[in-house]
Structure formats: C-alpha cells, structure tokens
>>> print(open('my_file.csv').read())   # CSV, C-alpha atoms
chain,number,residue,atom,x,y,z
Y,1,MET,CA,96.9,85.2,118.3
Y,2,LYS,CA,95.7,83.3,115.3
Y,3,ASN,CA,96.3,84.3,111.7
Y,4,ASN,CA,93.9,81.8,110.1
Y,5,HIS,CA,92.7,84.1,107.3
Y,6,ARG,CA,95.9,83.9,105.3
Y,7,ILE,CA,96.5,82.0,102.1
Y,8,VAL,CA,99.4,79.8,103.1
Y,9,ASP,CA,99.5,77.8,99.9
Y,10,HIS,CA,98.8,79.7,96.7
Y,11,PRO,CA,98.4,77.8,93.4
Y,12,VAL,CA,100.4,80.4,91.5
Y,13,LEU,CA,102.5,82.2,94.1
Y,14,GLY,CA,103.5,79.1,96.0
Y,15,SER,CA,103.7,78.7,99.7
Y,16,LEU,CA,104.1,81.5,102.2
Y,17,PRO,CA,107.8,82.0,103.2
Y,18,GLU,CA,108.8,82.1,106.9
Y,19,LYS,CA,108.5,85.7,108.2
Y,20,ASP,CA,109.1,87.4,111.5
Y,21,SER,CA,106.0,87.9,113.7
Y,22,ILE,CA,105.2,91.5,114.7
Y,23,THR,CA,102.9,92.4,117.5
Y,24,PHE,CA,100.8,95.6,117.5
Y,25,THR,CA,97.6,96.8,119.2
Y,26,PHE,CA,94.4,97.9,117.5
Y,27,ASP,CA,91.8,99.6,119.8
Y,28,GLY,CA,93.6,98.3,122.8
Y,29,LYS,CA,93.6,94.7,121.7
Y,30,GLU,CA,96.9,92.9,120.8
Y,31,TYR,CA,97.3,91.4,117.4
Y,32,SER,CA,100.2,89.8,115.5
Y,33,GLY,CA,101.1,90.1,111.9
Y,34,LEU,CA,104.0,89.1,109.6
Y,35,ALA,CA,106.9,91.4,108.6
Y,36,GLY,CA,106.0,93.3,105.5
Y,37,ASP,CA,102.3,93.4,106.3
Y,38,THR,CA,100.4,96.6,106.0
Y,39,ILE,CA,98.1,97.5,108.9
Y,40,ALA,CA,95.1,96.6,106.7
Y,41,SER,CA,96.4,93.2,105.6
Y,42,ALA,CA,97.6,92.3,109.1
Y,43,LEU,CA,94.2,93.1,110.6
Y,44,LEU,CA,92.4,91.3,107.7
Y,45,ALA,CA,94.5,88.2,108.5
Y,46,ASN,CA,93.2,88.5,112.0
Y,47,GLY,CA,89.6,88.7,110.8
Y,48,VAL,CA,89.2,92.5,111.5
Y,49,ARG,CA,87.5,94.2,108.6
Y,50,THR,CA,86.1,97.3,110.2
Y,51,LEU,CA,88.9,99.9,110.4
Y,52,ARG,CA,86.8,102.9,111.2
Y,53,VAL,CA,83.2,104.2,111.2
Y,54,HIS,CA,81.8,107.1,109.2
Y,55,GLU,CA,82.2,110.3,111.4
Y,56,ALA,CA,78.6,111.4,111.0
Y,57,SER,CA,76.5,108.2,110.4
Y,58,GLY,CA,78.6,105.6,112.3
Y,59,LYS,CA,78.5,103.2,109.4
Y,60,PRO,CA,81.5,100.8,109.3
Y,61,ARG,CA,84.3,101.4,106.8
Y,62,GLY,CA,87.3,99.2,105.9
Y,63,ILE,CA,89.5,98.5,102.9
Y,64,TYR,CA,87.9,100.0,99.8
Y,65,CYS,CA,90.6,100.8,97.1
Y,66,ASN,CA,93.6,99.4,98.9
Y,67,ILE,CA,96.0,101.6,96.9
Y,68,GLY,CA,96.0,104.7,99.1
Y,69,HIS,CA,93.6,106.7,97.0
Y,70,CYS,CA,90.3,106.7,98.7
Y,71,PHE,CA,91.3,107.3,102.4
Y,72,GLU,CA,88.5,105.0,103.5
Y,73,CYS,CA,90.9,102.9,105.7
Y,74,ARG,CA,92.4,105.9,107.6
Y,75,VAL,CA,93.3,105.1,111.2
Y,76,THR,CA,95.3,106.8,114.0
Y,77,VAL,CA,98.8,105.4,114.4
Y,78,ASN,CA,100.8,106.4,117.4
Y,79,SER,CA,98.5,109.4,117.8
Y,80,THR,CA,99.0,110.6,114.2
Y,81,SER,CA,95.5,110.7,112.6
Y,82,GLY,CA,94.6,110.2,109.0
Y,83,VAL,CA,97.2,107.4,108.3
Y,84,ARG,CA,96.1,105.0,105.5
Y,85,ALA,CA,96.1,101.5,106.9
Y,86,CYS,CA,96.5,100.0,103.4
Y,87,LEU,CA,99.9,101.7,102.7
Y,88,THR,CA,101.5,101.7,106.2
Y,89,GLU,CA,103.7,98.9,107.1
Y,90,ILE,CA,103.3,97.5,110.7
Y,91,LYS,CA,106.1,97.9,113.2
Y,92,ASP,CA,106.6,96.2,116.5
Y,93,GLY,CA,104.6,97.9,119.3
Y,94,MET,CA,102.5,100.1,117.0
Y,95,VAL,CA,99.5,101.6,118.7
Y,96,ILE,CA,96.6,101.8,116.2
Y,97,GLU,CA,93.2,103.4,117.0
Y,98,SER,CA,90.2,103.1,114.7
Y,99,GLY,CA,88.1,106.1,113.6
Y,100,LYS,CA,85.2,106.9,115.9
Y,101,PRO,CA,81.9,108.7,115.2
Y,102,GLU,CA,82.0,112.4,115.9
Y,103,ALA,CA,79.4,114.7,117.6
Y,104,GLN,CA,77.1,116.4,115.0
Y,105,PRO,CA,75.8,119.5,116.7
Y,106,PHE,CA,74.9,121.3,113.5
Y,107,ALA,CA,73.6,118.4,111.4
Y,108,SER,CA,70.9,119.8,109.1
Y,109,LYS,CA,68.2,117.6,107.7
Y,110,ASN,CA,66.6,119.7,105.0
Y,111,VAL,CA,69.5,120.7,102.9
Y,112,GLN,CA,67.4,120.1,99.8
Y,113,ASP,CA,65.0,122.9,100.9
Y,114,PHE,CA,67.6,125.6,101.1
Y,115,PRO,CA,66.9,128.6,98.7
Y,116,ARG,CA,68.9,128.5,95.6
Y,117,THR,CA,69.5,132.3,95.1
Y,118,TYR,CA,69.2,135.3,97.3
Y,119,ALA,CA,66.1,136.3,95.5
Y,120,GLU,CA,64.5,133.0,96.4
Y,121,PHE,CA,65.6,133.5,100.0
Y,122,GLU,CA,64.0,137.0,100.1
Y,123,LYS,CA,60.8,135.5,98.6
Y,124,LYS,CA,60.6,132.9,101.3
Y,125,GLN,CA,61.3,135.5,104.0
Y,126,LYS,CA,58.4,137.6,102.6
Y,127,VAL,CA,56.0,134.7,102.7
Y,128,LYS,CA,57.0,134.0,106.2
Y,129,GLY,CA,56.5,137.7,107.1
Y,130,ASP,CA,53.0,137.8,105.6
Y,131,LYS,CA,51.8,135.0,107.9
J,1,MET,CA,69.7,100.6,92.8
J,2,ASP,CA,69.1,104.2,93.9
J,3,ASN,CA,70.5,103.6,97.4
J,4,ILE,CA,74.0,103.0,96.0
J,5,THR,CA,76.5,105.2,97.8
J,6,ILE,CA,78.3,107.4,95.2
J,7,CYS,CA,80.4,109.5,97.6
J,8,ARG,CA,81.6,107.4,100.5
J,9,CYS,CA,83.4,110.3,102.3
J,10,GLU,CA,80.2,112.3,102.6
J,11,GLU,CA,77.7,109.5,102.3
J,12,VAL,CA,75.8,110.8,99.2
J,13,THR,CA,73.6,108.2,97.5
J,14,LEU,CA,72.6,108.1,93.8
J,15,GLU,CA,69.1,109.0,94.9
J,16,ASP,CA,70.3,112.2,96.5
J,17,ILE,CA,72.2,113.2,93.4
J,18,LYS,CA,69.3,112.3,91.1
J,19,ASN,CA,66.7,114.2,93.2
J,20,THR,CA,68.9,117.3,93.5
J,21,ALA,CA,69.7,117.3,89.8
J,22,LYS,CA,66.0,117.0,88.9
J,23,LYS,CA,64.8,119.5,91.5
J,24,TYR,CA,67.3,122.3,90.7
J,25,ASN,CA,68.2,121.2,87.1
J,26,CYS,CA,71.8,122.1,88.0
J,27,THR,CA,75.4,121.6,86.9
J,28,ALA,CA,77.8,119.0,88.3
J,29,ARG,CA,79.5,121.8,90.2
J,30,GLU,CA,76.2,122.8,91.8
J,31,ILE,CA,75.5,119.2,92.7
J,32,LYS,CA,78.9,119.1,94.5
J,33,LEU,CA,78.1,122.2,96.5
J,34,ARG,CA,74.5,121.1,97.3
J,35,THR,CA,75.0,117.5,98.2
J,36,ARG,CA,78.8,117.6,99.2
J,37,ALA,CA,79.5,114.7,96.9
J,38,GLY,CA,83.2,115.0,96.1
J,39,MET,CA,84.0,117.4,98.9
J,40,GLY,CA,85.1,114.8,101.5
J,41,TYR,CA,88.4,113.6,102.8
J,42,CYS,CA,89.6,112.0,99.6
J,43,GLY,CA,89.1,115.2,97.7
J,44,GLY,CA,86.6,113.7,95.2
J,45,ARG,CA,89.2,111.4,93.7
J,46,THR,CA,86.9,108.4,94.1
J,47,CYS,CA,83.6,109.8,93.0
J,48,ARG,CA,84.3,112.7,90.6
J,49,PRO,CA,84.1,110.5,87.5
J,50,ILE,CA,80.9,108.8,88.8
J,51,VAL,CA,79.2,112.1,89.6
J,52,ASP,CA,80.1,113.3,86.0
J,53,THR,CA,78.6,110.2,84.5
J,54,VAL,CA,75.4,110.4,86.6
J,55,MET,CA,75.0,114.0,85.5
J,56,GLU,CA,75.4,113.1,81.9
J,57,HIS,CA,72.6,110.6,82.3
J,58,VAL,CA,70.3,112.9,84.3
J,59,THR,CA,70.7,116.3,82.8
J,60,GLY,CA,72.8,115.5,79.7
J,61,GLU,CA,75.6,117.7,81.0
J,62,LYS,CA,78.9,116.6,79.4
J,63,PRO,CA,81.9,116.7,81.7
J,64,GLY,CA,84.4,119.4,80.8
J,65,ASP,CA,82.0,122.3,80.5
J,66,ASN,CA,83.2,125.8,81.4
J,67,ILE,CA,82.8,125.1,85.2
J,68,PRO,CA,83.8,121.4,85.5
J,69,LEU,CA,84.5,119.5,88.7
J,70,LYS,CA,88.1,120.6,88.6
J,71,VAL,CA,91.1,119.2,90.4
J,72,GLN,CA,93.0,121.7,92.5
J,73,PRO,CA,95.8,121.6,95.1
J,74,PRO,CA,96.3,120.2,97.6
J,75,VAL,CA,95.8,116.9,95.6
J,76,ARG,CA,96.2,115.0,98.8
J,77,PRO,CA,95.1,115.8,102.4
J,78,VAL,CA,98.0,117.6,104.1
J,79,SER,CA,98.0,118.3,107.9
J,80,LEU,CA,98.8,121.8,109.0
J,81,SER,CA,101.8,120.5,111.0
J,82,THR,CA,103.3,119.1,107.8
J,83,LEU,CA,102.7,122.4,106.0
J,84,GLU,CA,104.4,124.1,108.9
J,85,GLY,CA,107.4,121.8,108.6
J,86,LYS,CA,107.0,120.1,111.9
J,87,GLU,CA,107.3,116.7,110.4
J,88,ASN,CA,110.9,117.5,109.4
J,89,GLU,CA,112.0,118.4,112.9
J,90,LYS,CA,111.4,114.9,114.3
>>> encode(input="my_file.csv", output="structure tokens")
Amino acid sequence: MKNNHRIVDHPVLGSLPEKDSITFTFDGKEYSGLAGDTIASALLANGVRTLRVHEASGKPRGIYCNIGHCFECRVTVNSTSGVRACLTEIKDGMVIESGKPEAQPFASKNVQDFPRTYAEFEKKQKVKGDK
Amino acid sequence: MDNITICRCEEVTLEDIKNTAKKYNCTAREIKLRTRAGMGYCGGRTCRPIVDTVMEHVTGEKPGDNIPLKVQPPVRPVSLSTLEGKENEK
C-alpha cells in the first residue's frame, strides 16, 4: 500500500526516520502505517480523510480539532465504539470501522414551531378544536 | 455566511441559532434546548464559546448570566460499561 501523502523531508524537522510498518484494516480494506502513527494520521497518509459520517444527515466527517476534544473523528476499533482516531495509536491487525448513518424514525422537521410554554400549547390546541 | 455550522455534533447552523434567537428572543440556555446546539457527543466543548458569542451579537446577552451554558459532569463521554467497571476486568 502506498503512503505517498507523507512529508518525507521537512525543512525544519529533517528527514523522516526509518520506522516499522504496521498493517491494519479500515472498513474491510487493508492499509499500512508507520509505528507511532495515530489512526487518523495513518489514514491521512493513505489519502483517507472521511473517518465517519454524521449519524442523522450522512455528511462526511474527519479530523477537526486533532487533539481529542471534539470527538468528530470517533471510529469503532476492535468493536469498541467512540474511539478517537486522532489520539489512538495504531497496532498491528487493528480492525477499524467508520461511523455509519443511523435510522431516524422520529426525525421532526418543524422544531421551530413547537409551543414555547404550556399556555401557548393550550392556545394552539383550542384553535385547533374550534376548527 | 449564515450556513456556517456552529455545532458540528448536532449540525446546527448560524442561521438556525439567529432565527431561533430572533423568533423567541431567548437566552443562550433556551437556544441550547431548542436547537440542540451544544448538546451533542462532545458535550458542547467545541461550540459553547461560539454560541455565547453569537448570542451576545443577536440579543446582547452576556455570557455568565444567572443561567449560563454551564459545564457539568461527565466532562467527557463515558460508556456505561466503563462506569460499571467492566474495562478494569479485561
């Protein structure tokens, strides 16, 4: 597998030292990273930027804060859900699954129109009753 | 500009917050309860300061009023199995 998104020669940090290669799977596909990589950095080096999708809308999500604060990069690692890809180091044979959209049986569309108080609710009910 | 996402966990845009704030002339806490901004997975750690700032612009509400967007435990998402102590048994 190619790792062609890596900075091999950095003007300040110098050249990338030799590191062990580690293989893991993401959504069933095999990838390789270097020892010490986080899940997010290893996938980024492989050109994978979408780590999950929003549960309700299905919009793609990836690295956002990259310091373990926003939980936008959470993935499922060895069937443990809610693991932050930006903080978790890759290990050989890790099985990683991305976040998938969830069923929205009770999605409501007119949240803005909900009554603010019980009095308002009663008023609305009365208007409905009069019709 | 208005379609900027403020709360990424619950996908609340600046427009949603502005409209709700104008319609109900409400506090930051009520914005949170109505739009769910700051009630998502990250616990509002990402968007709380932004919601406070937006509210200051829209209704002039200064953060730190008597019912602010407070921080309360758990400060980090904790699974029930961890609370139960299952993690330690492994």
>>> atom_distance(input="my_file.csv", atom1="atom CA of Glu61 of chain J", atom2="atom CA of Glu10 of chain J")
22.7 Å
>>> closest_atom_pairs(input="my_file.csv", of="chain J", to="chain Y", cutoff="7 Å", atoms="all atoms listed in the file", output="JSON lines")
{"residue": "J:Tyr41", "atom": "CA", "partner": "Y:Phe71", "partner_atom": "CA", "distance": 6.9}
{"residue": "J:Cys42", "atom": "CA", "partner": "Y:Cys70", "partner_atom": "CA", "distance": 5.4}
{"residue": "J:Arg45", "atom": "CA", "partner": "Y:Cys70", "partner_atom": "CA", "distance": 6.9}
{"residue": "J:Thr46", "atom": "CA", "partner": "Y:Cys70", "partner_atom": "CA", "distance": 6.0}
>>> atom_distance(input="my_file.csv", atom1="atom CA of Arg6 of chain Y", atom2="atom CA of Gly62 of chain Y")
17.6 Å
>>> atom_distance(input="my_file.csv", atom1="atom CA of Gly47 of chain Y", atom2="atom CA of His5 of chain Y")
6.6 Å
>>> closest_residue(input="my_file.csv", among="Y:Thr117, Y:Ser41, Y:Gly33, Y:Asn46", to="Arg84 of chain Y", atoms="only C-alpha atoms")
Y:Ser41
>>> residues_near_point(input="my_file.csv", point="(89.9, 92.8, 111.0)", cutoff="10 Å", atoms="only C-alpha atoms", output="PyMOL selection string")
chain Y and resi 5+26+31+39-51+62-63
>>> write_last_selection(input="my_file.csv", atoms="C-alpha atoms", output="PDB file, in the coordinates of the input")
ATOM      1  CA  HIS Y   5      92.700  84.100 107.300  1.00  0.00           C
ATOM      2  CA  PHE Y  26      94.400  97.900 117.500  1.00  0.00           C
ATOM      3  CA  TYR Y  31      97.300  91.400 117.400  1.00  0.00           C
ATOM      4  CA  ILE Y  39      98.100  97.500 108.900  1.00  0.00           C
ATOM      5  CA  ALA Y  40      95.100  96.600 106.700  1.00  0.00           C
ATOM      6  CA  SER Y  41      96.400  93.200 105.600  1.00  0.00           C
ATOM      7  CA  ALA Y  42      97.600  92.300 109.100  1.00  0.00           C
ATOM      8  CA  LEU Y  43      94.200  93.100 110.600  1.00  0.00           C
ATOM      9  CA  LEU Y  44      92.400  91.300 107.700  1.00  0.00           C
ATOM     10  CA  ALA Y  45      94.500  88.200 108.500  1.00  0.00           C
ATOM     11  CA  ASN Y  46      93.200  88.500 112.000  1.00  0.00           C
ATOM     12  CA  GLY Y  47      89.600  88.700 110.800  1.00  0.00           C
ATOM     13  CA  VAL Y  48      89.200  92.500 111.500  1.00  0.00           C
ATOM     14  CA  ARG Y  49      87.500  94.200 108.600  1.00  0.00           C
ATOM     15  CA  THR Y  50      86.100  97.300 110.200  1.00  0.00           C
ATOM     16  CA  LEU Y  51      88.900  99.900 110.400  1.00  0.00           C
ATOM     17  CA  GLY Y  62      87.300  99.200 105.900  1.00  0.00           C
ATOM     18  CA  ILE Y  63      89.500  98.500 102.900  1.00  0.00           C
TER      19      ILE Y  63
END
>>> closest_residue(input="my_file.csv", among="J:Lys18, J:Arg29, J:Lys23, J:Arg36", to="Leu69 of chain J", atoms="all atoms listed in the file")
J:Arg29
>>> residues_around(input="my_file.csv", residues="Ala35 of chain Y", least_positions_apart="3", cutoff="12 Å", atoms="only C-alpha atoms", output="ChimeraX atom specification")
/Y:17-24,32,38-39,41-42,88-92
>>> closest_residue(input="my_file.csv", among="J:Lys22, J:Lys86, J:Arg76, J:Arg8", to="Gly40 of chain J", atoms="all atoms listed in the file")
J:Arg8
>>> decode(input="my_file.csv", residues="segment 10-21 of chain J", atoms="N, CA and C atoms", output="PDB file, in the first residue's frame")
ATOM      1  N   GLU J  10     -24.482  18.262  16.328  1.00  0.00           N
ATOM      2  CA  GLU J  10     -25.922  18.247  16.076  1.00  0.00           C
ATOM      3  C   GLU J  10     -26.279  18.989  14.792  1.00  0.00           C
ATOM      4  N   GLU J  11     -25.279  19.414  14.036  1.00  0.00           N
ATOM      5  CA  GLU J  11     -25.479  20.125  12.774  1.00  0.00           C
ATOM      6  C   GLU J  11     -26.421  21.311  12.904  1.00  0.00           C
ATOM      7  N   VAL J  12     -26.036  22.260  13.733  1.00  0.00           N
ATOM      8  CA  VAL J  12     -26.821  23.480  13.897  1.00  0.00           C
ATOM      9  C   VAL J  12     -26.054  24.614  13.231  1.00  0.00           C
ATOM     10  N   THR J  13     -26.737  25.323  12.302  1.00  0.00           N
ATOM     11  CA  THR J  13     -26.059  26.404  11.579  1.00  0.00           C
ATOM     12  C   THR J  13     -26.266  27.736  12.295  1.00  0.00           C
ATOM     13  N   LEU J  14     -25.453  28.703  11.903  1.00  0.00           N
ATOM     14  CA  LEU J  14     -25.574  30.054  12.443  1.00  0.00           C
ATOM     15  C   LEU J  14     -26.978  30.596  12.173  1.00  0.00           C
ATOM     16  N   GLU J  15     -27.514  30.248  10.996  1.00  0.00           N
ATOM     17  CA  GLU J  15     -28.854  30.698  10.628  1.00  0.00           C
ATOM     18  C   GLU J  15     -29.899  30.159  11.613  1.00  0.00           C
ATOM     19  N   ASP J  16     -29.792  28.865  11.960  1.00  0.00           N
ATOM     20  CA  ASP J  16     -30.732  28.264  12.912  1.00  0.00           C
ATOM     21  C   ASP J  16     -30.720  29.032  14.229  1.00  0.00           C
ATOM     22  N   ILE J  17     -29.505  29.324  14.719  1.00  0.00           N
ATOM     23  CA  ILE J  17     -29.377  29.993  16.015  1.00  0.00           C
ATOM     24  C   ILE J  17     -29.920  31.411  15.930  1.00  0.00           C
ATOM     25  N   LYS J  18     -29.579  32.121  14.850  1.00  0.00           N
ATOM     26  CA  LYS J  18     -30.059  33.502  14.686  1.00  0.00           C
ATOM     27  C   LYS J  18     -31.582  33.543  14.613  1.00  0.00           C
ATOM     28  N   ASN J  19     -32.159  32.647  13.768  1.00  0.00           N
ATOM     29  CA  ASN J  19     -33.616  32.632  13.608  1.00  0.00           C
ATOM     30  C   ASN J  19     -34.321  32.331  14.920  1.00  0.00           C
ATOM     31  N   THR J  20     -33.804  31.303  15.632  1.00  0.00           N
ATOM     32  CA  THR J  20     -34.439  30.919  16.890  1.00  0.00           C
ATOM     33  C   THR J  20     -34.313  32.041  17.913  1.00  0.00           C
ATOM     34  N   ALA J  21     -33.123  32.666  17.963  1.00  0.00           N
ATOM     35  CA  ALA J  21     -32.908  33.746  18.931  1.00  0.00           C
ATOM     36  C   ALA J  21     -33.840  34.915  18.640  1.00  0.00           C
TER      37      ALA J  21
END
